[in-house]
$ cat work-v3.cif   # mmCIF, C-alpha atoms
data_input
loop_
_atom_site.label_atom_id
_atom_site.label_comp_id
_atom_site.auth_asym_id
_atom_site.auth_seq_id
_atom_site.Cartn_x
_atom_site.Cartn_y
_atom_site.Cartn_z
CA MET A 1 -15.59 -5.31 -37.13
CA THR A 2 -16.81 -8.38 -35.38
CA GLU A 3 -18.71 -7.37 -32.26
CA HIS A 4 -17.75 -9.32 -29.14
CA ALA A 5 -20.49 -10.15 -26.68
CA HIS A 6 -18.16 -10.46 -23.69
CA SER A 7 -18.27 -6.81 -22.62
CA HIS A 8 -18.29 -5.19 -19.20
CA ALA A 9 -16.98 -2.18 -17.31
CA ASP A 10 -13.39 -1.89 -16.21
CA SER A 11 -12.09 -1.46 -12.69
CA GLN A 12 -12.31 2.31 -12.87
CA GLY A 13 -15.89 2.51 -14.01
CA GLN A 14 -15.46 3.00 -17.79
CA SER A 15 -17.73 0.91 -19.99
CA HIS A 16 -16.17 -0.78 -23.00
CA GLY A 17 -17.91 -1.90 -26.14
CA HIS A 18 -15.66 -4.78 -27.20
CA SER A 19 -13.90 -7.70 -25.66
CA SER A 20 -12.96 -7.11 -22.05
CA GLY A 21 -12.05 -9.41 -19.25
CA HIS A 22 -11.63 -9.12 -15.52
CA SER A 23 -9.41 -11.74 -13.98
CA HIS A 24 -9.65 -12.38 -10.25
CA ALA A 25 -7.92 -15.71 -10.17
CA ASN A 26 -4.53 -17.24 -10.77
CA GLY A 27 -4.71 -17.67 -14.48
CA SER A 28 -6.98 -16.94 -17.38
CA GLY A 29 -10.32 -17.90 -15.89
CA HIS A 30 -12.96 -15.80 -14.22
CA SER A 31 -13.06 -17.37 -10.82
CA HIS A 32 -13.85 -14.82 -8.11
CA GLY A 33 -12.33 -16.55 -5.13
CA HIS A 34 -10.04 -14.12 -3.37
CA ALA A 35 -7.34 -15.12 -0.94
CA HIS A 36 -5.37 -12.21 0.45
CA GLY A 37 -3.38 -13.35 3.48
CA VAL A 38 -4.36 -14.97 6.73
CA SER A 39 -7.84 -14.89 8.20
CA PRO A 40 -8.90 -11.43 9.48
CA ASN A 41 -10.28 -13.15 12.59
CA ALA A 42 -6.80 -14.53 13.35
CA ASP A 43 -5.33 -11.04 12.90
CA ARG A 44 -7.83 -9.57 15.32
CA ARG A 45 -7.08 -12.20 17.95
CA TRP A 46 -3.34 -11.44 17.92
CA LEU A 47 -3.90 -7.70 17.91
CA ARG A 48 -6.35 -7.81 20.82
CA ALA A 49 -3.89 -9.81 22.92
CA ALA A 50 -1.15 -7.25 22.26
CA LEU A 51 -3.54 -4.38 23.06
CA ILE A 52 -4.47 -5.78 26.48
CA LEU A 53 -0.83 -6.33 27.42
CA LEU A 54 0.28 -2.89 26.24
CA THR A 55 -2.51 -1.02 27.99
CA ALA A 56 -1.86 -2.70 31.33
CA TYR A 57 1.88 -2.08 31.21
CA MET A 58 1.48 1.52 30.00
CA ALA A 59 -0.48 2.51 33.11
CA VAL A 60 2.26 1.11 35.34
CA GLU A 61 5.02 2.82 33.36
CA VAL A 62 3.41 6.26 33.52
CA ALA A 63 3.23 6.06 37.32
CA ILE A 64 6.86 4.94 37.63
CA GLY A 65 8.06 7.55 35.11
CA VAL A 66 6.51 10.35 37.15
CA ILE A 67 8.01 9.02 40.38
CA ALA A 68 11.48 8.58 38.82
CA GLN A 69 11.27 11.91 36.89
CA SER A 70 12.41 10.07 33.77
CA LEU A 71 11.49 11.62 30.42
CA ALA A 72 12.72 8.43 28.73
CA LEU A 73 10.16 6.36 30.65
CA ILE A 74 7.38 8.90 30.09
CA SER A 75 8.23 9.10 26.37
CA ASP A 76 8.16 5.31 26.20
CA ALA A 77 4.75 5.35 27.90
CA ALA A 78 3.53 8.00 25.46
CA HIS A 79 4.77 5.84 22.63
CA MET A 80 2.96 2.87 24.14
CA LEU A 81 -0.21 4.95 24.15
CA THR A 82 0.19 5.49 20.42
CA ASP A 83 0.89 1.74 20.12
CA ALA A 84 -2.44 1.02 21.78
CA VAL A 85 -4.22 3.60 19.62
CA SER A 86 -2.61 2.14 16.49
CA ILE A 87 -3.90 -1.31 17.39
CA VAL A 88 -7.40 0.06 18.08
CA LEU A 89 -7.33 1.80 14.68
CA ALA A 90 -6.13 -1.39 13.04
CA LEU A 91 -8.96 -3.39 14.59
CA ILE A 92 -11.57 -0.82 13.52
CA ALA A 93 -10.11 -0.66 10.01
CA MET A 94 -10.18 -4.46 9.71
CA ARG A 95 -13.84 -4.52 10.61
CA LEU A 96 -14.65 -1.78 8.09
CA ALA A 97 -12.55 -3.40 5.35
CA ALA A 98 -14.40 -6.69 5.84
CA ARG A 99 -17.72 -5.12 4.88
CA PRO A 100 -18.93 -6.15 1.40
CA ALA A 101 -18.88 -3.68 -1.49
CA ARG A 102 -22.20 -1.94 -1.96
CA GLY A 103 -23.66 1.31 -3.26
CA GLY A 104 -21.08 3.87 -4.32
CA TYR A 105 -18.25 2.01 -2.56
CA THR A 106 -17.52 -0.46 -5.34
CA TYR A 107 -14.35 -1.65 -3.60
CA GLY A 108 -16.03 -1.72 -0.23
CA LEU A 109 -14.13 0.03 2.57
CA LYS A 110 -10.82 -1.74 2.03
CA ARG A 111 -8.89 1.51 2.10
CA ALA A 112 -9.94 2.11 5.68
CA GLU A 113 -6.85 0.01 6.47
CA ILE A 114 -4.67 2.47 4.53
CA LEU A 115 -6.23 5.39 6.40
CA SER A 116 -5.32 3.62 9.63
CA ALA A 117 -1.74 3.08 8.45
CA GLN A 118 -1.43 6.74 7.49
CA ALA A 119 -2.84 7.84 10.85
CA ASN A 120 -0.28 5.64 12.59
CA GLY A 121 2.53 7.19 10.57
CA ILE A 122 1.36 10.75 11.25
CA THR A 123 1.04 10.14 15.01
CA LEU A 124 4.60 8.79 15.07
CA LEU A 125 5.87 11.93 13.33
CA LEU A 126 3.93 14.33 15.57
CA LEU A 127 4.98 12.53 18.75
CA SER A 128 8.61 12.54 17.63
CA VAL A 129 8.54 16.34 17.28
CA TRP A 130 7.20 16.79 20.82
CA LEU A 131 9.67 14.33 22.34
CA ALA A 132 12.60 15.92 20.47
CA TYR A 133 11.68 19.31 21.93
CA GLU A 134 11.46 17.93 25.48
CA ALA A 135 14.69 15.96 25.10
CA VAL A 136 16.65 19.01 23.96
CA ASN A 137 15.38 20.97 26.96
CA ARG A 138 16.50 18.17 29.27
CA LEU A 139 19.92 18.07 27.65
CA ILE A 140 20.31 21.72 28.60
CA GLU A 141 18.83 21.38 32.10
CA PRO A 142 18.86 17.72 33.12
CA PRO A 143 16.67 16.83 36.15
CA GLU A 144 17.52 14.27 38.78
CA VAL A 145 16.77 10.81 37.40
CA ALA A 146 16.39 7.62 39.46
CA GLY A 147 18.60 5.45 37.27
CA GLY A 148 17.93 2.17 39.05
CA LEU A 149 14.16 2.53 38.80
CA VAL A 150 14.45 3.49 35.13
CA LEU A 151 16.61 0.43 34.41
CA VAL A 152 14.28 -2.06 36.09
CA THR A 153 11.20 -0.58 34.41
CA ALA A 154 12.89 -0.50 30.99
CA LEU A 155 13.99 -4.13 31.27
CA SER A 156 10.44 -5.19 32.08
CA GLY A 157 9.24 -3.05 29.16
CA ILE A 158 11.60 -4.90 26.84
CA VAL A 159 9.99 -8.18 27.87
CA VAL A 160 6.47 -6.81 27.35
CA ASN A 161 7.33 -5.37 23.94
CA LEU A 162 9.05 -8.56 22.83
CA ILE A 163 5.83 -10.45 23.59
CA CYS A 164 3.77 -7.84 21.72
CA VAL A 165 6.11 -7.91 18.72
CA TRP A 166 5.78 -11.68 18.61
CA LEU A 167 1.98 -11.47 18.87
CA ILE A 168 1.63 -8.99 16.01
CA SER A 169 4.20 -10.79 13.88
CA LYS A 170 1.74 -13.70 13.86
CA ALA A 171 -0.80 -11.47 12.07
CA ASN A 172 -0.69 -10.68 8.35
CA ARG A 173 2.04 -8.06 8.01
CA ALA A 174 1.44 -7.87 4.26
CA SER A 175 -1.35 -5.51 5.34
CA LEU A 176 -0.01 -1.96 5.69
CA ASN A 177 -2.55 -1.56 8.47
CA VAL A 178 -1.00 -4.37 10.55
CA GLU A 179 2.47 -3.23 9.56
CA GLY A 180 1.69 0.21 11.01
CA ALA A 181 0.84 -1.28 14.40
CA TYR A 182 3.89 -3.55 14.18
CA GLN A 183 6.23 -0.62 13.46
CA HIS A 184 4.82 1.29 16.43
CA ILE A 185 5.61 -1.56 18.79
CA LEU A 186 8.97 -2.37 17.20
CA THR A 187 10.20 1.21 17.64
CA ASP A 188 8.91 1.09 21.21
CA LEU A 189 10.98 -2.04 21.82
CA PHE A 190 14.11 -0.30 20.55
CA GLY A 191 13.20 2.70 22.67
CA PHE A 192 13.03 0.56 25.81
CA ILE A 193 16.45 -0.85 25.00
CA ALA A 194 17.83 2.70 24.74
CA THR A 195 16.07 3.62 27.99
CA ALA A 196 17.58 0.63 29.78
CA VAL A 197 21.05 1.69 28.64
CA SER A 198 20.41 5.25 29.82
CA GLY A 199 19.20 4.01 33.21
CA LEU A 200 22.34 1.93 33.60
CA VAL A 201 24.54 4.91 32.63
CA VAL A 202 22.75 7.24 35.08
CA MET A 203 22.98 4.65 37.85
CA THR A 204 26.69 3.92 37.36
CA THR A 205 28.10 7.30 36.29
CA GLY A 206 25.52 9.91 37.33
CA PHE A 207 25.40 11.29 33.77
CA ALA A 208 21.81 12.57 33.85
CA GLN A 209 21.81 13.67 30.20
CA ALA A 210 21.81 9.99 29.18
CA ASP A 211 18.05 9.95 29.76
CA ALA A 212 17.48 12.73 27.21
CA ILE A 213 19.89 11.12 24.75
CA ALA A 214 17.89 7.89 24.97
CA SER A 215 14.76 9.91 24.18
CA LEU A 216 16.43 11.29 21.06
CA VAL A 217 17.23 7.73 19.96
CA VAL A 218 13.52 6.93 20.28
CA VAL A 219 12.73 10.09 18.27
CA ALA A 220 14.99 8.96 15.42
CA LEU A 221 13.29 5.56 15.32
CA MET A 222 9.84 7.20 15.33
CA LEU A 223 10.81 9.47 12.44
CA LYS A 224 12.05 6.55 10.37
CA ALA A 225 8.98 4.37 10.96
CA GLY A 226 6.51 7.25 10.60
CA THR A 227 8.05 8.48 7.34
CA GLY A 228 7.89 4.99 5.86
CA LEU A 229 4.23 4.51 6.77
CA VAL A 230 3.17 7.93 5.45
CA ARG A 231 5.12 7.40 2.23
CA GLU A 232 3.70 3.94 1.52
CA SER A 233 0.11 4.86 2.40
CA GLY A 234 0.46 8.05 0.34
CA ARG A 235 1.50 6.00 -2.71
CA ILE A 236 -1.70 3.98 -2.43
CA PHE A 237 -3.88 7.08 -2.07
CA MET A 238 -2.17 8.67 -5.08
CA GLU A 239 -2.89 5.55 -7.16
CA ALA A 240 0.83 4.93 -7.71
CA ALA A 241 2.01 1.57 -8.95
CA PRO A 242 2.99 -0.78 -6.10
CA ALA A 243 6.62 -0.59 -5.05
CA GLY A 244 8.72 -2.98 -7.12
CA ILE A 245 6.38 -2.91 -10.13
CA ASP A 246 7.51 -0.96 -13.22
CA PRO A 247 4.49 -0.11 -15.42
CA ASP A 248 6.71 0.63 -18.44
CA ALA A 249 8.40 -2.77 -18.16
CA ILE A 250 5.02 -4.49 -17.86
CA GLY A 251 3.67 -2.55 -20.85
CA ASP A 252 6.66 -3.56 -22.97
CA HIS A 253 6.30 -7.18 -21.86
CA LEU A 254 2.60 -7.27 -22.73
CA VAL A 255 3.00 -5.62 -26.13
CA ALA A 256 5.69 -8.15 -27.04
CA GLN A 257 3.13 -10.97 -26.88
CA ASP A 258 1.82 -12.60 -30.04
CA GLN A 259 -0.82 -10.62 -32.01
CA VAL A 260 -0.58 -7.55 -29.72
CA VAL A 261 -0.09 -4.34 -31.74
CA GLU A 262 -0.43 -1.60 -29.15
CA ILE A 263 -1.15 -1.03 -25.47
CA HIS A 264 -2.26 2.27 -23.98
CA ASP A 265 -4.29 3.56 -21.03
CA LEU A 266 -2.23 1.21 -18.88
CA HIS A 267 -2.93 1.86 -15.19
CA ILE A 268 -1.53 -0.08 -12.23
CA TRP A 269 -2.54 0.76 -8.67
CA GLN A 270 -3.36 -0.84 -5.33
CA ILE A 271 -6.88 -1.28 -4.04
CA THR A 272 -5.35 -1.80 -0.60
CA SER A 273 -2.05 -3.26 0.54
CA GLY A 274 -1.37 -6.59 -1.12
CA GLN A 275 -4.10 -6.16 -3.76
CA PRO A 276 -2.62 -4.69 -6.96
CA ALA A 277 -4.95 -3.99 -9.86
CA LEU A 278 -4.40 -3.21 -13.54
CA SER A 279 -6.45 -1.92 -16.46
CA ALA A 280 -5.37 -1.37 -20.06
CA HIS A 281 -6.61 -0.99 -23.62
CA ILE A 282 -5.14 -3.66 -25.90
CA LEU A 283 -5.14 -3.38 -29.70
CA VAL A 284 -4.83 -6.73 -31.49
CA ALA A 285 -3.71 -7.43 -35.07
CA PRO A 286 -6.49 -7.86 -37.65
CA GLY A 287 -7.93 -11.36 -37.55
CA GLY A 288 -6.42 -12.08 -34.15
CA ASP A 289 -8.40 -13.86 -31.45
CA CYS A 290 -9.24 -11.10 -28.97
CA HIS A 291 -10.42 -13.51 -26.29
CA LYS A 292 -7.34 -15.72 -26.58
CA VAL A 293 -5.04 -12.69 -26.38
CA ARG A 294 -6.87 -11.38 -23.31
CA ARG A 295 -6.71 -14.70 -21.50
CA GLY A 296 -3.00 -15.03 -22.30
CA LEU A 297 -2.22 -11.54 -21.02
CA GLN A 298 -4.21 -12.08 -17.84
CA ALA A 299 -2.39 -15.36 -17.20
CA LEU A 300 0.95 -13.58 -17.76
CA LEU A 301 0.03 -10.78 -15.35
CA SER A 302 -1.07 -13.26 -12.70
CA GLN A 303 1.83 -15.68 -12.95
CA ARG A 304 4.70 -13.26 -13.63
CA TYR A 305 3.66 -10.17 -11.69
CA GLY A 306 1.10 -11.42 -9.17
CA ILE A 307 -1.60 -9.09 -10.55
CA THR A 308 -4.86 -11.03 -10.40
CA HIS A 309 -7.22 -8.02 -10.59
CA ALA A 310 -6.75 -7.19 -14.29
CA THR A 311 -9.33 -5.55 -16.54
CA LEU A 312 -8.37 -5.53 -20.22
CA GLN A 313 -10.34 -3.92 -23.04
CA VAL A 314 -9.31 -5.71 -26.25
CA ASP A 315 -10.04 -4.47 -29.79
CA HIS A 316 -8.85 -5.18 -33.36
CA VAL A 317 -7.10 -2.59 -35.51
CA GLY A 318 -7.07 -2.03 -39.26
CA GLU A 319 -10.00 -4.27 -40.22
CA SER A 320 -12.10 -3.28 -43.22
CA GLY A 321 -15.64 -2.11 -42.63
CA ASP A 322 -17.66 1.03 -42.17
CA ALA A 323 -15.70 4.09 -41.15
CA ASP A 324 -17.36 4.26 -37.75
CA ASP A 325 -16.47 0.63 -36.97
CA VAL A 326 -12.80 0.68 -37.94
CA LEU A 327 -10.03 1.20 -35.39
CA ILE A 328 -6.92 2.79 -36.89
CA LEU A 329 -3.43 3.23 -35.49
CA GLY A 330 -3.00 6.95 -35.89
CA PRO A 331 -4.74 10.24 -35.11
CA ARG A 332 -8.39 10.79 -35.97
CA PRO A 333 -8.47 11.67 -39.71
CA ASP A 334 -9.09 15.32 -40.55
CA PRO A 335 -12.48 15.44 -42.35
CA ASP A 336 -11.22 18.35 -44.49
CA ALA A 337 -8.10 16.51 -45.61
CA THR A 338 -8.03 14.96 -49.08
CA ASP A 339 -6.12 11.93 -47.80
CA PRO A 340 -7.08 10.86 -44.26
CA ALA A 341 -4.17 8.39 -44.25
CA PRO A 342 -6.12 5.71 -42.41
CA ASN A 343 -3.13 3.42 -42.00
CA ALA A 344 -0.61 5.99 -40.81
CA THR A 345 1.04 5.30 -37.49
CA ALA A 346 1.16 7.94 -34.76
CA PRO A 347 1.49 8.16 -30.98
CA ALA A 348 -2.22 7.55 -30.38
CA SER A 349 -4.98 5.36 -31.78
CA HIS A 350 -8.13 6.45 -33.52
CA HIS A 351 -10.12 4.61 -30.83
CA CYS A 352 -8.75 6.75 -28.03
CA GLU A 353 -8.03 10.42 -28.76
CA ASP A 354 -6.75 11.15 -25.25
CA THR A 355 -4.66 8.23 -24.06
CA HIS A 356 -3.45 8.31 -20.48
CA GLY A 357 0.24 7.59 -20.09
CA PRO A 358 2.73 6.23 -22.64
CA VAL A 359 1.76 4.15 -25.66
CA HIS A 360 3.49 0.78 -25.94
CA ARG A 361 4.24 -0.79 -29.31
CA PRO A 362 6.54 -3.66 -30.36
CA GLY A 363 10.17 -2.63 -30.81
CA PRO A 364 12.15 0.27 -29.32
CA HIS A 365 10.05 3.29 -28.35
CA GLU A 366 10.03 6.16 -25.88
CA HIS A 367 7.97 6.03 -22.69
#
$ encode --input "work-v3.cif" --output "structure tokens"
Amino acid sequence: MTEHAHSHADSQGQSHGHSSGHSHANGSGHSHGHAHGVSPNADRRWLRAALILLTAYMAVEVAIGVIAQSLALISDAAHMLTDAVSIVLALIAMRLAARPARGGYTYGLKRAEILSAQANGITLLLLSVWLAYEAVNRLIEPPEVAGGLVLVTALSGIVVNLICVWLISKANRASLNVEGAYQHILTDLFGFIATAVSGLVVMTTGFAQADAIASLVVVALMLKAGTGLVRESGRIFMEAAPAGIDPDAIGDHLVAQDQVVEIHDLHIWQITSGQPALSAHILVAPGGDCHKVRRGLQALLSQRYGITHATLQVDHVGESGDADDVLILGPRPDPDATDPAPNATAPASHHCEDTHGPVHRPGPHEH
């Protein structure tokens, strides 16, 4: 087989001996200019502004909640504390993620942002459990609640949270890290709205349980936001394909391209939010132009699926030559067999005895 000089390691650290390519651009070239959202410095500016506003208001709300004996206000203040912590985590994660790749961290520390998002989701879930317990107790034995004070404080909290939501919406919410902080503050905004309603009900009707009911509304919002953050960050840690991307559909699309005979070891994952990556082993028809096929597939992945981090190992199949140099579609021939059936087709290729995931070939096939 013709030996191709353009060889390097794939995204997961496996070295390949034939044609491979790593596309980082929007097309078939090898440009390494990355553009993933707005400037991190702009993100930090918006997040810092929201952090200062939240922290100042939280201190005031805790004092008023204690005076008014309102669990709704105290729960809102507790939620604001987690808001502030989530923003601090987001800022720290941004700084870590901005560090260049070096040493054993070949992707850098980009997943620090995903750790931050997961921490935000877990804190929302834990806080929701505590608030649910307190709210149920207050439904059974409701304390005296100063409805007017609760209403005024909640209305001012709505204003503060609206400003914070606007500030963080200016940052890059494609980042799961920023989205985690945004979800914290958005649920807090809805919580303040529920608290304002409860304060109005207590003030006009004397129904003290309205305060605990408002807390349960906040709990439901926390559970929803926290579950979403933990699920999405968990998918990234488990190397799952990004939501909305079907690896089987992509494999079938790639193998349908001209001169492509088989695709296996197809892996699609996310380095961090908004940065999908792909690696695959491509088998090309005898006499095909490996480099041309690779460039075409990388352009397809970039333009159709938005995957610009693609590492493709490309080899020929079925060419004549020495036994050790020939790639055959089929299992490794049995040395004791009288007929090794070098051209037989089977679910795996001679080049790769242990393929990972389904094998894609032209025409109908099982995944």
$ residues_around --input "work-v3.cif" --residues "Met80 in chain A" --least-positions-apart "4" --cutoff "9 Å" --atoms "only C-alpha atoms" --output "number ranges by chain"
A: 54-55, 57-58, 75-76, 84-85, 184-185, 188
$ closest_atom_pairs --input "work-v3.cif" --of "range 154-221 of chain A" --to "range 120-125 of chain A" --cutoff "9 Å" --atoms "all atoms listed in the file" --output "JSON lines"
{"residue": "A:Asn177", "atom": "CA", "partner": "A:Asn120", "partner_atom": "CA", "distance": 8.6}
{"residue": "A:Gly180", "atom": "CA", "partner": "A:Asn120", "partner_atom": "CA", "distance": 6.0}
{"residue": "A:Ala181", "atom": "CA", "partner": "A:Asn120", "partner_atom": "CA", "distance": 7.2}
{"residue": "A:His184", "atom": "CA", "partner": "A:Leu124", "partner_atom": "CA", "distance": 7.6}
{"residue": "A:Val219", "atom": "CA", "partner": "A:Leu125", "partner_atom": "CA", "distance": 8.7}
$ atom_distance --input "work-v3.cif" --atom1 "CA of Arg48 in chain A" --atom2 "CA of Tyr105 in chain A"
28.0 Å
$ atom_distance --input "work-v3.cif" --atom1 "CA of Pro362 in chain A" --atom2 "CA of Leu301 in chain A"
17.8 Å
$ closest_residue --input "work-v3.cif" --among "A:Gln313, A:Val150, A:Ala112, A:Ala241" --to "Arg99 in chain A" --atoms "all atoms listed in the file"
A:Ala112
$ residues_near_point --input "work-v3.cif" --point "(-2.3, 7.9, -7.8)" --cutoff "10 Å" --atoms "all atoms listed in the file" --output "ChimeraX atom specification"
/A:234-241,267-270
$ resolve_selection --input "work-v3.cif" --expression "the PyMOL selection byres ((chain A and resi 134) around 12)" --output "PyMOL selection string"
chain A and resi 70-72+74-75+127-133+135-143+211-216+219
$ residues_near_point --input "work-v3.cif" --point "(5.6, -8.2, 25.4)" --cutoff "10 Å" --atoms "only C-alpha atoms" --output "ChimeraX atom specification"
/A:49-50,53-54,57,156-167,185,189
$ write_last_selection --input "work-v3.cif" --atoms "C-alpha atoms" --output "mmCIF file, in the coordinates of the input"
data_model
loop_
_atom_site.group_PDB
_atom_site.id
_atom_site.type_symbol
_atom_site.label_atom_id
_atom_site.label_comp_id
_atom_site.auth_asym_id
_atom_site.auth_seq_id
_atom_site.Cartn_x
_atom_site.Cartn_y
_atom_site.Cartn_z
ATOM 1 C CA ALA A 49 -3.890 -9.810 22.920
ATOM 2 C CA ALA A 50 -1.150 -7.250 22.260
ATOM 3 C CA LEU A 53 -0.830 -6.330 27.420
ATOM 4 C CA LEU A 54 0.280 -2.890 26.240
ATOM 5 C CA TYR A 57 1.880 -2.080 31.210
ATOM 6 C CA SER A 156 10.440 -5.190 32.080
ATOM 7 C CA GLY A 157 9.240 -3.050 29.160
ATOM 8 C CA ILE A 158 11.600 -4.900 26.840
ATOM 9 C CA VAL A 159 9.990 -8.180 27.870
ATOM 10 C CA VAL A 160 6.470 -6.810 27.350
ATOM 11 C CA ASN A 161 7.330 -5.370 23.940
ATOM 12 C CA LEU A 162 9.050 -8.560 22.830
ATOM 13 C CA ILE A 163 5.830 -10.450 23.590
ATOM 14 C CA CYS A 164 3.770 -7.840 21.720
ATOM 15 C CA VAL A 165 6.110 -7.910 18.720
ATOM 16 C CA TRP A 166 5.780 -11.680 18.610
ATOM 17 C CA LEU A 167 1.980 -11.470 18.870
ATOM 18 C CA ILE A 185 5.610 -1.560 18.790
ATOM 19 C CA LEU A 189 10.980 -2.040 21.820
#
$ atom_distance --input "work-v3.cif" --atom1 "CA of Ser86 in chain A" --atom2 "CA of Glu179 in chain A"
10.1 Å
$ closest_residue --input "work-v3.cif" --among "A:Leu151, A:Ala97, A:Leu254, A:Ala119" --to "Ala299 in chain A" --atoms "all atoms listed in the file"
A:Leu254
$ decode --input "work-v3.cif" --residues "range 230-245 of chain A" --atoms "N, CA, C and O atoms" --output "PDB file, in the first residue's frame"
ATOM      1  N   VAL A 230     -27.376  19.131  35.863  1.00  0.00           N
ATOM      2  CA  VAL A 230     -26.665  17.890  36.190  1.00  0.00           C
ATOM      3  C   VAL A 230     -26.715  16.933  35.006  1.00  0.00           C
ATOM      4  O   VAL A 230     -25.712  16.277  34.680  1.00  0.00           O
ATOM      5  N   ARG A 231     -27.866  16.853  34.343  1.00  0.00           N
ATOM      6  CA  ARG A 231     -27.989  15.946  33.198  1.00  0.00           C
ATOM      7  C   ARG A 231     -27.066  16.360  32.054  1.00  0.00           C
ATOM      8  O   ARG A 231     -26.341  15.525  31.497  1.00  0.00           O
ATOM      9  N   GLU A 232     -27.062  17.641  31.707  1.00  0.00           N
ATOM     10  CA  GLU A 232     -26.245  18.101  30.581  1.00  0.00           C
ATOM     11  C   GLU A 232     -24.751  18.012  30.886  1.00  0.00           C
ATOM     12  O   GLU A 232     -23.956  17.608  30.036  1.00  0.00           O
ATOM     13  N   SER A 233     -24.354  18.386  32.096  1.00  0.00           N
ATOM     14  CA  SER A 233     -22.938  18.278  32.446  1.00  0.00           C
ATOM     15  C   SER A 233     -22.515  16.815  32.531  1.00  0.00           C
ATOM     16  O   SER A 233     -21.401  16.451  32.150  1.00  0.00           O
ATOM     17  N   GLY A 234     -23.429  15.960  33.011  1.00  0.00           N
ATOM     18  CA  GLY A 234     -23.131  14.528  33.082  1.00  0.00           C
ATOM     19  C   GLY A 234     -22.910  13.930  31.705  1.00  0.00           C
ATOM     20  O   GLY A 234     -22.049  13.064  31.522  1.00  0.00           O
ATOM     21  N   ARG A 235     -23.680  14.370  30.717  1.00  0.00           N
ATOM     22  CA  ARG A 235     -23.493  13.877  29.343  1.00  0.00           C
ATOM     23  C   ARG A 235     -22.094  14.207  28.838  1.00  0.00           C
ATOM     24  O   ARG A 235     -21.463  13.394  28.155  1.00  0.00           O
ATOM     25  N   ILE A 236     -21.604  15.389  29.169  1.00  0.00           N
ATOM     26  CA  ILE A 236     -20.265  15.775  28.710  1.00  0.00           C
ATOM     27  C   ILE A 236     -19.202  14.936  29.416  1.00  0.00           C
ATOM     28  O   ILE A 236     -18.252  14.452  28.790  1.00  0.00           O
ATOM     29  N   PHE A 237     -19.349  14.723  30.716  1.00  0.00           N
ATOM     30  CA  PHE A 237     -18.379  13.915  31.445  1.00  0.00           C
ATOM     31  C   PHE A 237     -18.386  12.459  30.989  1.00  0.00           C
ATOM     32  O   PHE A 237     -17.357  11.789  31.013  1.00  0.00           O
ATOM     33  N   MET A 238     -19.536  11.961  30.556  1.00  0.00           N
ATOM     34  CA  MET A 238     -19.643  10.581  30.093  1.00  0.00           C
ATOM     35  C   MET A 238     -19.301  10.440  28.614  1.00  0.00           C
ATOM     36  O   MET A 238     -19.476   9.381  28.033  1.00  0.00           O
ATOM     37  N   GLU A 239     -18.802  11.509  28.005  1.00  0.00           N
ATOM     38  CA  GLU A 239     -18.373  11.503  26.602  1.00  0.00           C
ATOM     39  C   GLU A 239     -19.527  11.186  25.657  1.00  0.00           C
ATOM     40  O   GLU A 239     -19.324  10.614  24.575  1.00  0.00           O
ATOM     41  N   ALA A 240     -20.753  11.537  26.040  1.00  0.00           N
ATOM     42  CA  ALA A 240     -21.896  11.315  25.162  1.00  0.00           C
ATOM     43  C   ALA A 240     -21.869  12.309  24.012  1.00  0.00           C
ATOM     44  O   ALA A 240     -21.284  13.390  24.114  1.00  0.00           O
ATOM     45  N   ALA A 241     -22.505  11.924  22.920  1.00  0.00           N
ATOM     46  CA  ALA A 241     -22.621  12.847  21.791  1.00  0.00           C
ATOM     47  C   ALA A 241     -23.446  14.057  22.219  1.00  0.00           C
ATOM     48  O   ALA A 241     -24.359  13.937  23.049  1.00  0.00           O
ATOM     49  N   PRO A 242     -23.142  15.233  21.695  1.00  0.00           N
ATOM     50  CA  PRO A 242     -23.926  16.422  22.055  1.00  0.00           C
ATOM     51  C   PRO A 242     -25.405  16.219  21.746  1.00  0.00           C
ATOM     52  O   PRO A 242     -25.766  15.505  20.797  1.00  0.00           O
ATOM     53  N   ALA A 243     -26.250  16.828  22.547  1.00  0.00           N
ATOM     54  CA  ALA A 243     -27.686  16.740  22.315  1.00  0.00           C
ATOM     55  C   ALA A 243     -28.011  17.256  20.914  1.00  0.00           C
ATOM     56  O   ALA A 243     -27.488  18.276  20.480  1.00  0.00           O
ATOM     57  N   GLY A 244     -28.865  16.522  20.207  1.00  0.00           N
ATOM     58  CA  GLY A 244     -29.244  16.929  18.856  1.00  0.00           C
ATOM     59  C   GLY A 244     -28.358  16.350  17.770  1.00  0.00           C
ATOM     60  O   GLY A 244     -28.614  16.569  16.578  1.00  0.00           O
ATOM     61  N   ILE A 245     -27.305  15.629  18.144  1.00  0.00           N
ATOM     62  CA  ILE A 245     -26.424  15.002  17.154  1.00  0.00           C
ATOM     63  C   ILE A 245     -26.581  13.486  17.258  1.00  0.00           C
ATOM     64  O   ILE A 245     -26.410  12.898  18.321  1.00  0.00           O
TER      65      ILE A 245
END
